[in-house]
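Colleague: Just input-v8.cif, nothing more (mmCIF, C-alpha atoms (C1' of nucleotides) and all ligand atoms):
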```cif
data_protein
loop_
_atom_site.label_atom_id
_atom_site.label_comp_id
_atom_site.auth_asym_id
_atom_site.auth_seq_id
_atom_site.Cartn_x
_atom_site.Cartn_y
_atom_site.Cartn_z
CA MET C 10 -26.53 -1.92 17.51
CA SER C 11 -23.87 -2.10 20.21
CA LYS C 12 -21.44 -4.94 20.47
CA PHE C 13 -23.09 -5.85 23.75
CA SER C 14 -26.61 -6.22 22.45
CA GLU C 15 -25.26 -8.10 19.45
CA GLU C 16 -23.70 -10.54 21.87
CA LEU C 17 -27.00 -11.09 23.64
CA ALA C 18 -28.88 -11.49 20.36
CA GLN C 19 -26.24 -13.96 19.29
CA ALA C 20 -26.70 -15.87 22.55
CA PHE C 21 -30.45 -16.20 21.94
CA GLN C 22 -29.71 -17.32 18.42
CA THR C 23 -27.38 -20.11 19.40
CA VAL C 24 -29.71 -21.59 22.01
CA SER C 25 -32.76 -21.01 19.78
CA LEU C 26 -34.82 -19.00 22.23
CA ARG C 27 -37.10 -16.32 20.86
CA PRO C 28 -35.61 -12.93 21.73
CA THR C 29 -38.71 -11.29 23.17
CA ALA C 30 -38.45 -7.86 24.73
CA GLN C 31 -39.05 -9.25 28.21
CA ARG C 32 -36.57 -12.08 27.89
CA TYR C 33 -34.01 -9.71 26.51
CA ALA C 34 -34.57 -7.34 29.41
CA VAL C 35 -34.01 -10.08 31.97
CA LEU C 36 -30.81 -11.32 30.39
CA GLU C 37 -29.56 -7.80 29.77
CA PHE C 38 -30.06 -6.88 33.41
CA LEU C 39 -28.02 -9.86 34.59
CA ALA C 40 -25.33 -9.54 31.94
CA ARG C 41 -24.78 -5.82 32.46
CA ARG C 42 -24.71 -5.77 36.20
CA ARG C 43 -22.71 -8.79 37.21
CA VAL C 44 -24.79 -9.38 40.31
CA HIS C 45 -26.56 -12.32 41.86
CA ALA C 46 -30.08 -10.95 42.02
CA THR C 47 -33.29 -12.47 43.27
CA ALA C 48 -36.31 -12.70 41.00
CA ALA C 49 -37.95 -9.96 43.05
CA GLU C 50 -34.96 -7.65 42.60
CA ILE C 51 -34.99 -8.22 38.87
CA PHE C 52 -38.72 -7.64 38.69
CA ASP C 53 -38.39 -4.37 40.59
CA ALA C 54 -35.45 -3.16 38.56
CA LEU C 55 -37.13 -3.86 35.23
CA ASN C 56 -40.33 -2.09 36.20
CA ARG C 57 -38.87 0.85 38.07
CA ASP C 58 -39.79 3.35 35.38
CA ASP C 59 -42.52 1.74 33.34
CA PRO C 60 -43.95 -1.77 33.23
CA ARG C 61 -41.64 -4.01 31.23
CA ALA C 62 -42.36 -7.54 32.46
CA SER C 63 -44.77 -9.22 34.81
CA ARG C 64 -43.67 -11.27 37.75
CA ALA C 65 -44.66 -14.55 36.12
CA THR C 66 -42.70 -13.59 33.02
CA VAL C 67 -39.58 -12.84 35.01
CA TYR C 68 -39.79 -16.31 36.52
CA ASN C 69 -40.64 -17.92 33.20
CA ASN C 70 -37.65 -16.36 31.53
CA LEU C 71 -35.23 -17.02 34.33
CA HIS C 72 -36.17 -20.66 33.96
CA SER C 73 -36.01 -20.81 30.19
CA LEU C 74 -32.69 -18.98 30.24
CA ALA C 75 -31.38 -21.30 32.92
CA LYS C 76 -32.43 -24.36 30.95
CA ALA C 77 -30.61 -22.93 27.95
CA GLY C 78 -27.50 -22.37 30.05
CA LEU C 79 -27.44 -18.58 29.69
CA VAL C 80 -28.37 -18.01 33.29
CA ARG C 81 -27.44 -19.85 36.42
CA GLU C 82 -29.45 -20.29 39.60
CA VAL C 83 -27.42 -19.96 42.78
CA HIS C 84 -28.41 -20.51 46.38
CA GLY C 85 -26.79 -18.40 49.02
CA GLU C 86 -27.82 -17.78 52.59
CA GLY C 87 -31.38 -16.53 52.16
CA LYS C 88 -34.26 -18.62 50.93
CA ALA C 89 -34.82 -16.74 47.67
CA ALA C 90 -32.93 -18.14 44.71
CA ARG C 91 -30.39 -15.87 43.09
CA PHE C 92 -29.54 -15.66 39.42
CA ASP C 93 -26.56 -14.59 37.39
CA ALA C 94 -25.74 -14.41 33.72
CA SER C 95 -23.72 -17.48 33.03
CA LEU C 96 -21.90 -16.49 29.88
CA HIS C 97 -18.56 -17.59 31.26
CA PRO C 98 -17.89 -20.39 33.76
CA HIS C 99 -16.87 -19.46 37.27
CA HIS C 100 -16.96 -20.62 40.86
CA HIS C 101 -18.71 -18.91 43.76
CA PHE C 102 -17.95 -17.46 47.13
CA VAL C 103 -20.76 -17.00 49.66
CA CYS C 104 -20.19 -14.61 52.54
CA GLU C 105 -21.63 -16.10 55.69
CA THR C 106 -21.77 -12.69 57.30
CA CYS C 107 -23.54 -10.47 54.77
CA GLY C 108 -24.96 -13.14 52.46
CA ASP C 109 -23.32 -11.72 49.37
CA ILE C 110 -22.35 -14.01 46.53
CA GLU C 111 -19.18 -13.24 44.58
CA ASP C 112 -17.72 -14.75 41.43
CA LEU C 113 -14.39 -16.51 41.59
CA PRO C 114 -12.31 -17.22 38.51
CA TRP C 115 -12.81 -20.62 37.00
CA PHE C 116 -10.23 -23.35 37.41
CA ASP C 117 -10.49 -26.99 36.52
CA LEU C 118 -10.29 -29.77 39.00
CA PRO C 119 -7.11 -31.72 38.42
CA PRO C 120 -7.85 -34.25 35.68
CA GLY C 121 -9.12 -37.51 37.13
CA PHE C 122 -10.53 -35.96 40.29
CA SER C 123 -14.06 -35.54 39.08
CA ARG C 124 -14.14 -38.81 37.20
CA SER C 125 -12.92 -40.89 40.10
CA ALA C 126 -15.05 -39.09 42.65
CA ALA C 127 -18.28 -39.52 40.73
CA GLY C 128 -17.99 -43.23 40.01
CA LYS C 129 -20.44 -44.43 37.40
CA ARG C 130 -22.43 -41.21 37.44
CA GLU C 131 -22.42 -38.96 34.41
CA VAL C 132 -21.00 -35.59 35.43
CA ARG C 133 -22.21 -32.76 33.21
CA ALA C 134 -20.95 -29.87 35.28
CA TYR C 135 -19.48 -29.03 38.61
CA GLU C 136 -18.97 -25.98 40.71
CA ILE C 137 -16.95 -25.20 43.78
CA VAL C 138 -18.73 -23.19 46.44
CA PHE C 139 -16.51 -21.45 48.95
CA ARG C 140 -17.95 -20.07 52.16
CA GLY C 141 -16.47 -17.64 54.60
CA VAL C 142 -16.09 -13.92 55.16
CA CYS C 143 -15.86 -11.46 52.28
CA VAL C 144 -13.32 -8.66 52.11
CA ARG C 145 -15.86 -6.02 53.06
CA CYS C 146 -16.99 -7.95 56.14
CA ARG C 147 -13.43 -8.72 57.21
CA GLY C 148 -12.81 -5.00 57.31
CA THR C 149 -15.69 -4.45 59.69
CA ARG C 150 -13.64 -5.38 62.75
CA GLY C 151 -15.42 -6.48 65.88
CA VAL C 152 -18.85 -5.97 64.38
CA ARG C 153 -20.88 -9.13 64.14
CA MET H 1 -26.94 -47.46 75.39
CA SER H 2 -25.88 -48.35 71.88
CA LYS H 3 -22.66 -47.14 70.38
CA PHE H 4 -24.74 -45.09 67.93
CA SER H 5 -26.73 -43.14 70.50
CA GLU H 6 -23.55 -42.61 72.51
CA GLU H 7 -22.05 -41.03 69.44
CA LEU H 8 -24.99 -38.64 69.08
CA ALA H 9 -24.95 -37.78 72.77
CA GLN H 10 -21.23 -37.16 72.46
CA ALA H 11 -21.85 -34.89 69.49
CA PHE H 12 -24.30 -32.79 71.49
CA GLN H 13 -21.82 -32.64 74.30
CA THR H 14 -18.96 -31.34 72.21
CA VAL H 15 -20.98 -28.55 70.60
CA SER H 16 -22.75 -27.79 73.91
CA LEU H 17 -26.31 -28.11 72.68
CA ARG H 18 -28.89 -29.44 75.10
CA PRO H 19 -29.84 -32.95 74.07
CA THR H 20 -33.60 -32.55 74.11
CA ALA H 21 -35.82 -35.39 72.93
CA GLN H 22 -36.89 -33.44 69.84
CA ARG H 23 -33.41 -32.35 68.87
CA TYR H 24 -32.15 -35.86 69.36
CA ALA H 25 -34.94 -37.22 67.15
CA VAL H 26 -34.07 -34.85 64.31
CA LEU H 27 -30.37 -35.65 64.39
CA GLU H 28 -31.03 -39.35 64.81
CA PHE H 29 -33.28 -39.42 61.77
CA LEU H 30 -30.63 -37.79 59.59
CA ALA H 31 -27.72 -39.78 60.99
CA ARG H 32 -29.43 -43.18 60.67
CA ARG H 33 -30.86 -42.77 57.22
CA ARG H 34 -28.16 -41.11 55.21
CA VAL H 35 -30.64 -39.13 53.15
CA HIS H 36 -31.03 -35.51 52.14
CA ALA H 37 -34.48 -34.85 53.51
CA THR H 38 -36.62 -31.73 53.47
CA ALA H 39 -37.94 -30.26 56.70
CA ALA H 40 -41.40 -31.48 55.73
CA GLU H 41 -40.16 -35.03 55.22
CA ILE H 42 -38.44 -35.01 58.58
CA PHE H 43 -41.53 -33.61 60.27
CA ASP H 44 -43.71 -36.31 58.73
CA ALA H 45 -41.32 -39.12 59.56
CA LEU H 46 -40.95 -38.08 63.19
CA ASN H 47 -44.68 -37.81 63.72
CA ARG H 48 -45.82 -40.81 61.72
CA ASP H 49 -46.78 -42.81 64.80
CA ASP H 50 -47.25 -40.29 67.58
CA PRO H 51 -46.44 -36.62 67.93
CA ARG H 52 -42.77 -36.15 68.62
CA ALA H 53 -41.95 -32.63 67.43
CA SER H 54 -43.81 -29.64 66.08
CA ARG H 55 -43.03 -28.09 62.74
CA ALA H 56 -41.45 -25.01 64.29
CA THR H 57 -39.26 -27.23 66.44
CA VAL H 58 -38.05 -29.22 63.46
CA TYR H 59 -36.98 -25.96 61.82
CA ASN H 60 -35.51 -24.60 65.05
CA ASN H 61 -33.41 -27.69 65.54
CA LEU H 62 -32.31 -28.01 61.96
CA HIS H 63 -30.98 -24.48 62.29
CA SER H 64 -29.33 -24.93 65.66
CA LEU H 65 -27.77 -28.18 64.49
CA ALA H 66 -26.60 -26.53 61.29
CA LYS H 67 -25.06 -23.66 63.20
CA ALA H 68 -23.25 -26.19 65.36
CA GLY H 69 -21.99 -27.99 62.28
CA LEU H 70 -23.76 -31.29 62.98
CA VAL H 71 -26.16 -30.83 60.10
CA ARG H 72 -25.70 -29.36 56.67
CA GLU H 73 -28.22 -27.56 54.50
CA VAL H 74 -28.06 -28.52 50.84
CA HIS H 75 -29.92 -27.10 47.86
CA GLY H 76 -30.79 -29.43 45.03
CA GLU H 77 -33.26 -29.00 42.21
CA GLY H 78 -36.46 -28.27 44.14
CA LYS H 79 -37.08 -25.17 46.15
CA ALA H 80 -37.25 -26.81 49.56
CA ALA H 81 -33.93 -26.95 51.40
CA ARG H 82 -32.56 -30.39 52.14
CA PHE H 83 -30.63 -31.45 55.19
CA ASP H 84 -28.13 -34.17 56.00
CA ALA H 85 -26.19 -35.21 59.04
CA SER H 86 -22.78 -33.73 58.58
CA LEU H 87 -20.68 -35.86 60.88
CA HIS H 88 -18.08 -36.44 58.21
CA PRO H 89 -17.11 -34.08 55.37
CA HIS H 90 -18.16 -34.97 51.85
CA HIS H 91 -19.01 -33.51 48.48
CA HIS H 92 -22.33 -33.75 46.68
CA PHE H 93 -23.78 -34.98 43.44
CA VAL H 94 -27.14 -33.65 42.28
CA CYS H 95 -29.04 -35.65 39.67
CA GLU H 96 -30.59 -33.26 37.18
CA THR H 97 -33.06 -35.93 36.12
CA CYS H 98 -34.60 -37.20 39.37
CA GLY H 99 -33.41 -34.47 41.73
CA ASP H 100 -31.72 -36.88 44.10
CA ILE H 101 -28.70 -35.75 46.07
CA GLU H 102 -25.92 -38.25 46.72
CA ASP H 103 -22.82 -38.06 48.88
CA LEU H 104 -19.41 -38.24 47.26
CA PRO H 105 -16.27 -39.04 49.21
CA TRP H 106 -14.34 -36.07 50.42
CA PHE H 107 -11.13 -34.99 48.75
CA ASP H 108 -9.12 -31.84 49.28
CA LEU H 109 -8.49 -29.28 46.63
CA PRO H 110 -4.82 -29.27 45.75
CA PRO H 111 -3.06 -27.05 48.29
CA GLY H 112 -2.96 -23.47 47.08
CA PHE H 113 -6.01 -23.74 44.86
CA SER H 114 -8.53 -22.45 47.35
CA ARG H 115 -6.21 -19.82 48.75
CA SER H 116 -5.29 -18.35 45.40
CA ALA H 117 -8.84 -18.53 44.07
CA ALA H 118 -10.35 -16.71 47.02
CA GLY H 119 -7.95 -13.79 47.12
CA LYS H 120 -8.23 -11.78 50.33
CA ARG H 121 -11.43 -13.49 51.41
CA GLU H 122 -11.40 -15.74 54.46
CA VAL H 123 -12.43 -19.23 53.35
CA ARG H 124 -13.95 -21.28 56.17
CA ALA H 125 -15.23 -24.16 54.11
CA TYR H 126 -15.79 -25.28 50.58
CA GLU H 127 -17.77 -27.93 48.81
CA ILE H 128 -17.76 -29.27 45.30
CA VAL H 129 -21.19 -29.79 43.77
CA PHE H 130 -21.34 -32.11 40.80
CA ARG H 131 -24.39 -32.19 38.55
CA GLY H 132 -25.41 -34.77 36.02
CA VAL H 133 -27.24 -38.06 35.76
CA CYS H 134 -27.23 -40.58 38.59
CA VAL H 135 -26.64 -44.29 38.06
CA ARG H 136 -30.30 -45.14 38.46
CA CYS H 137 -31.38 -42.55 35.87
CA ARG H 138 -28.64 -43.61 33.43
CA GLY H 139 -30.13 -47.08 33.49
CA THR H 140 -33.54 -45.76 32.45
CA ARG H 141 -32.61 -45.62 28.78
CA GLY H 142 -34.59 -43.33 26.52
CA VAL H 143 -36.95 -42.26 29.26
CA ARG H 144 -36.83 -38.57 30.02
"C1'" DT P 1 -51.50 -13.49 5.04
"C1'" DC P 2 -52.59 -17.38 8.01
"C1'" DT P 3 -51.84 -20.67 11.52
"C1'" DA P 4 -49.93 -23.06 15.28
"C1'" DA P 5 -47.00 -22.74 18.92
"C1'" DA P 6 -44.76 -19.87 22.20
"C1'" DT P 7 -45.17 -16.08 25.27
"C1'" DT P 8 -47.18 -12.73 28.34
"C1'" DT P 9 -50.17 -11.26 31.98
"C1'" DA P 10 -52.90 -10.31 36.43
"C1'" DG P 11 -54.13 -12.32 40.03
"C1'" DA P 12 -55.29 -16.51 42.61
"C1'" DA P 13 -53.23 -20.36 44.74
"C1'" DT P 14 -49.67 -23.08 46.91
"C1'" DA P 15 -45.48 -24.07 49.30
"C1'" DA P 16 -41.74 -23.07 52.39
"C1'" DG P 17 -40.31 -21.01 56.13
"C1'" DT P 18 -40.71 -17.59 60.08
"C1'" DC P 19 -42.76 -15.39 64.00
"C1'" DT P 20 -45.40 -14.90 68.35
"C1'" DA P 21 -46.64 -15.42 72.91
"C1'" DA P 22 -47.45 -18.59 76.33
"C1'" DA P 23 -46.07 -22.77 78.70
"C1'" DG P 24 -42.57 -26.34 79.81
"C1'" DC P 25 -37.80 -27.72 81.11
"C1'" DA P 26 -33.06 -27.92 82.51
"C1'" DA P 27 -28.61 -26.38 84.56
"C1'" DG P 28 -26.53 -24.40 88.26
"C1'" DG P 29 -26.28 -21.41 92.43
"C1'" DA P 30 -27.99 -20.54 97.20
"C1'" DT N 10 -34.04 -28.89 97.65
"C1'" DC N 11 -35.71 -24.59 95.76
"C1'" DC N 12 -35.11 -20.78 92.82
"C1'" DT N 13 -33.89 -18.25 88.95
"C1'" DT N 14 -32.86 -17.70 84.41
"C1'" DG N 15 -32.29 -18.87 79.99
"C1'" DC N 16 -33.38 -22.53 76.54
"C1'" DT N 17 -36.79 -24.98 74.29
"C1'" DT N 18 -41.28 -26.33 72.56
"C1'" DT N 19 -45.74 -25.49 70.59
"C1'" DA N 20 -49.99 -24.25 67.66
"C1'" DG N 21 -51.28 -21.51 64.59
"C1'" DA N 22 -51.10 -17.08 62.32
"C1'" DC N 23 -48.29 -14.86 59.18
"C1'" DT N 24 -44.92 -13.63 55.49
"C1'" DT N 25 -42.37 -14.58 51.51
"C1'" DA N 26 -41.16 -17.11 47.36
"C1'" DT N 27 -42.71 -19.41 43.59
"C1'" DT N 28 -46.14 -21.64 40.63
"C1'" DC N 29 -50.48 -22.02 38.33
"C1'" DT N 30 -54.47 -20.56 35.36
"C1'" DA N 31 -56.87 -19.13 31.56
"C1'" DA N 32 -57.35 -15.62 28.36
"C1'" DA N 33 -55.01 -12.26 25.28
"C1'" DT N 34 -50.91 -11.31 22.46
"C1'" DT N 35 -46.98 -12.17 19.79
"C1'" DT N 36 -43.88 -14.80 16.97
"C1'" DA N 37 -41.90 -17.77 13.31
"C1'" DG N 38 -42.58 -19.82 9.40
"C1'" DA N 39 -45.37 -21.70 5.54
MN MN U 1 -21.85 -15.91 39.54
MN MN U 2 -24.68 -35.18 52.04
ZN ZN U 3 -19.76 -10.14 53.58
ZN ZN U 4 -31.40 -39.58 39.05
#
```
Mind converting the file's structure to structure tokens?
Ligand SMILES: [Mn+2]
Ligand SMILES: [Mn+2]
Ligand SMILES: [Zn+2]
Ligand SMILES: [Zn+2]
Modeller:
Amino acid sequence: MSKFSEELAQAFQTVSLRPTAQRYAVLEFLARRRVHATAAEIFDALNRDDPRASRATVYNNLHSLAKAGLVREVHGEGKAARFDASLHPHHHFVCETCGDIEDLPWFDLPPGFSRSAAGKREVRAYEIVFRGVCVRCRGTRGVR
Amino acid sequence: MSKFSEELAQAFQTVSLRPTAQRYAVLEFLARRRVHATAAEIFDALNRDDPRASRATVYNNLHSLAKAGLVREVHGEGKAARFDASLHPHHHFVCETCGDIEDLPWFDLPPGFSRSAAGKREVRAYEIVFRGVCVRCRGTRGVR
DNA sequence: TCTAAATTTAGAATAAGTCTAAAGCAAGGA
DNA sequence: TCCTTGCTTTAGACTTATTCTAAATTTAGA
């Protein structure tokens, strides 16, 4: 068993989610390819060769994984939600030109910022979303 | 003409959008009630008494206003997009319990943070999204 | 091995948002 | 004022994304 699959199995263990074949496939897809895929993209990828998970199951697992904190739901430009393996914290960059979502390294808000900003609310997490033009789109001079 | 409606008219002026009755109604609704409403909620509110704007027009104007920067599209818990008048910059807090979105006062990232985080990307805007439990839901002890 | 709870599934159903084509308006030039 | 042209609005059909349903299967644990 590879180190990678051990890591996934371990992840299921610690959040006490049954490691079914379908659930494993969904998480594996997102963890291997560090993309921000839509449910439809995941469904297609998993079933390209032979049927591995139904559409409902892909959604079910994205939600159970998200609730467990192993997957994160991100909203970019389009209306379909996007998902990424959330094994390590990070911020996001959304390209307003091509719609791509990219990971940015995590950094903490200066201590005190989040507490004072949120008042009496209980902050469990935060994320900074940057918007602009990605490197690829900046290169495409003049094209809009 | 009230100071408020002058302000809206002014806003249309500066972004050179025609101040049609329907477009005005959409922006007025969001600017008066500082909510984060879905397109459906806005449509219902505008047409409660008599027909004021069609569904397509509500969407059309939300998009034209968003492109002009007068309105912002926010994604909370549900799948429907939410909109707010964006006349002043602010951050957001999303309650994971009731789904409500609340405004937080704006504060800048420490200078250098955003530039170094984003690498060669061109950052046009950023927003911090906090998640947790709102004051109202914290009060509801024990209830989940 | 047995049982109860969790999971999967195909397909129907719903919800959110977009598109179309025709009609209505508004700004600016002649 | 009268055009012309480009926005804008509209109803309703349509597409896309996501959820629901109810029956079959699988899983963990006793
Ligand atoms: Mn990510
Ligand atoms: Mn807001
Ligand atoms: Zn791009
Ligand atoms: Zn709440």
Colleague: Name the residues in contact with Asn56 in chain C at a cut-off of 12 Å, using only C-alpha atoms (C1' of nucleotides), excluding same-chain residues fewer than 5 positions from it; report them as number ranges by chain.
Modeller: C: 31, 34-35, 38, 49-51, 61-64, 67
Colleague: Residues at most 9 Å from Ala11 in chain H, counting only C-alpha atoms (C1' of nucleotides), excluding those fewer than 5 positions away in the same chain, as a list in words?
Modeller: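 Neighbouring residues, sequence-local ones excluded: Glu6, Ser16, Leu17, Leu70 and Leu87 of chain H.
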Colleague: List as a short mmCIF file (atom, residue, chain, number, x, y, z; two decimals) with C-alpha atoms (C1' of nucleotides), in the coordinates of the input the protein and nucleic acid residues near DT34 in chain N, meaning an atom at most 12 Å away when only C-alpha atoms (C1' of nucleotides) are counted, but skip any in the same chain fewer than 3 places from it.
Modeller:
```
data_model
loop_
_atom_site.label_atom_id
_atom_site.label_comp_id
_atom_site.auth_asym_id
_atom_site.auth_seq_id
_atom_site.Cartn_x
_atom_site.Cartn_y
_atom_site.Cartn_z
"C1'" DA P 6 -44.76 -19.87 22.20
"C1'" DT P 7 -45.17 -16.08 25.27
"C1'" DT P 8 -47.18 -12.73 28.34
"C1'" DT P 9 -50.17 -11.26 31.98
#
```
Colleague: Which neighbours of DT18 in chain P fall inside 9 Å, counting all atoms listed in the file, when residues of the same chain fewer than 3 positions from it are skipped, and could you give them as a PyMOL selection string?
Modeller: (chain H and resi 56) or (chain N and resi 23-24)
Colleague: Output the neighbourhood of ligand MN 2 (chain U) as a VMD selection string, that is, all protein and nucleic acid residues with some atom at most 10 Å from the ligand, counting all atoms listed in the file.
Modeller: chain H and resid 30 34 to 37 71 to 74 82 to 93 101 to 105
Colleague: Using all atoms listed in the file, which residues of the polymer chains come no farther than 7 Å from ligand ZN 3 (chain U)? I'd like the answer as a tab-separated table (two decimals) with C-alpha atoms, in the frame of the given file.
Modeller:
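Written out: selection28.tsv:
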```tsv
chain	number	residue	atom	x	y	z
C	104	CYS	CA	-20.19	-14.61	52.54
C	105	GLU	CA	-21.63	-16.10	55.69
C	106	THR	CA	-21.77	-12.69	57.30
C	107	CYS	CA	-23.54	-10.47	54.77
C	108	GLY	CA	-24.96	-13.14	52.46
C	109	ASP	CA	-23.32	-11.72	49.37
C	142	VAL	CA	-16.09	-13.92	55.16
C	143	CYS	CA	-15.86	-11.46	52.28
C	144	VAL	CA	-13.32	-8.66	52.11
C	145	ARG	CA	-15.86	-6.02	53.06
C	146	CYS	CA	-16.99	-7.95	56.14
```
Colleague: What would range 38-62 of chain C look like with N, CA and C atoms restored, written as an mmCIF file, in the coordinates of the input?
Modeller:
```
data_model
loop_
_atom_site.group_PDB
_atom_site.id
_atom_site.type_symbol
_atom_site.label_atom_id
_atom_site.label_comp_id
_atom_site.auth_asym_id
_atom_site.auth_seq_id
_atom_site.Cartn_x
_atom_site.Cartn_y
_atom_site.Cartn_z
ATOM 1 N N PHE C 38 -30.270 -7.329 32.029
ATOM 2 C CA PHE C 38 -30.060 -6.880 33.410
ATOM 3 C C PHE C 38 -28.939 -7.682 34.070
ATOM 4 N N LEU C 39 -29.012 -9.008 33.923
ATOM 5 C CA LEU C 39 -28.020 -9.860 34.590
ATOM 6 C C LEU C 39 -26.643 -9.757 33.942
ATOM 7 N N ALA C 40 -26.624 -9.567 32.622
ATOM 8 C CA ALA C 40 -25.330 -9.540 31.940
ATOM 9 C C ALA C 40 -24.611 -8.218 32.175
ATOM 10 N N ARG C 41 -25.385 -7.130 32.234
ATOM 11 C CA ARG C 41 -24.780 -5.820 32.460
ATOM 12 C C ARG C 41 -24.245 -5.700 33.870
ATOM 13 N N ARG C 42 -25.131 -5.895 34.822
ATOM 14 C CA ARG C 42 -24.710 -5.770 36.200
ATOM 15 C C ARG C 42 -24.397 -7.168 36.672
ATOM 16 N N ARG C 43 -23.129 -7.430 36.896
ATOM 17 C CA ARG C 43 -22.710 -8.790 37.210
ATOM 18 C C ARG C 43 -23.042 -9.115 38.664
ATOM 19 N N VAL C 44 -24.336 -9.124 38.949
ATOM 20 C CA VAL C 44 -24.790 -9.380 40.310
ATOM 21 C C VAL C 44 -25.407 -10.764 40.428
ATOM 22 N N HIS C 45 -25.819 -11.090 41.629
ATOM 23 C CA HIS C 45 -26.560 -12.320 41.860
ATOM 24 C C HIS C 45 -27.876 -11.875 42.472
ATOM 25 N N ALA C 46 -28.837 -11.591 41.598
ATOM 26 C CA ALA C 46 -30.080 -10.950 42.020
ATOM 27 C C ALA C 46 -31.190 -11.967 42.213
ATOM 28 N N THR C 47 -32.102 -11.626 43.107
ATOM 29 C CA THR C 47 -33.290 -12.470 43.270
ATOM 30 C C THR C 47 -34.299 -12.091 42.194
ATOM 31 N N ALA C 48 -35.272 -12.968 41.989
ATOM 32 C CA ALA C 48 -36.310 -12.700 41.000
ATOM 33 C C ALA C 48 -37.026 -11.390 41.343
ATOM 34 N N ALA C 49 -37.246 -11.172 42.622
ATOM 35 C CA ALA C 49 -37.950 -9.960 43.050
ATOM 36 C C ALA C 49 -37.127 -8.712 42.710
ATOM 37 N N GLU C 50 -35.820 -8.796 42.919
ATOM 38 C CA GLU C 50 -34.960 -7.650 42.600
ATOM 39 C C GLU C 50 -34.982 -7.361 41.108
ATOM 40 N N ILE C 51 -34.953 -8.404 40.311
ATOM 41 C CA ILE C 51 -34.990 -8.220 38.870
ATOM 42 C C ILE C 51 -36.310 -7.606 38.444
ATOM 43 N N PHE C 52 -37.393 -8.166 38.991
ATOM 44 C CA PHE C 52 -38.720 -7.640 38.690
ATOM 45 C C PHE C 52 -38.809 -6.152 39.011
ATOM 46 N N ASP C 53 -38.344 -5.780 40.190
ATOM 47 C CA ASP C 53 -38.390 -4.370 40.590
ATOM 48 C C ASP C 53 -37.547 -3.503 39.664
ATOM 49 N N ALA C 54 -36.349 -3.956 39.384
ATOM 50 C CA ALA C 54 -35.450 -3.160 38.560
ATOM 51 C C ALA C 54 -36.043 -2.926 37.168
ATOM 52 N N LEU C 55 -36.600 -3.979 36.584
ATOM 53 C CA LEU C 55 -37.130 -3.860 35.230
ATOM 54 C C LEU C 55 -38.328 -2.918 35.162
ATOM 55 N N ASN C 56 -39.099 -2.866 36.243
ATOM 56 C CA ASN C 56 -40.330 -2.090 36.200
ATOM 57 C C ASN C 56 -40.231 -0.770 36.966
ATOM 58 N N ARG C 57 -39.025 -0.357 37.277
ATOM 59 C CA ARG C 57 -38.870 0.850 38.070
ATOM 60 C C ARG C 57 -39.521 2.035 37.366
ATOM 61 N N ASP C 58 -39.221 2.214 36.106
ATOM 62 C CA ASP C 58 -39.790 3.350 35.380
ATOM 63 C C ASP C 58 -41.182 3.023 34.836
ATOM 64 N N ASP C 59 -41.226 2.138 33.896
ATOM 65 C CA ASP C 59 -42.520 1.740 33.340
ATOM 66 C C ASP C 59 -42.586 0.215 33.291
ATOM 67 N N PRO C 60 -43.810 -0.309 33.211
ATOM 68 C CA PRO C 60 -43.950 -1.770 33.230
ATOM 69 C C PRO C 60 -43.263 -2.422 32.031
ATOM 70 N N ARG C 61 -42.357 -3.347 32.317
ATOM 71 C CA ARG C 61 -41.640 -4.010 31.230
ATOM 72 C C ARG C 61 -41.833 -5.520 31.236
ATOM 73 N N ALA C 62 -42.146 -6.091 32.400
ATOM 74 C CA ALA C 62 -42.360 -7.540 32.460
ATOM 75 C C ALA C 62 -43.089 -7.894 33.734
#
```
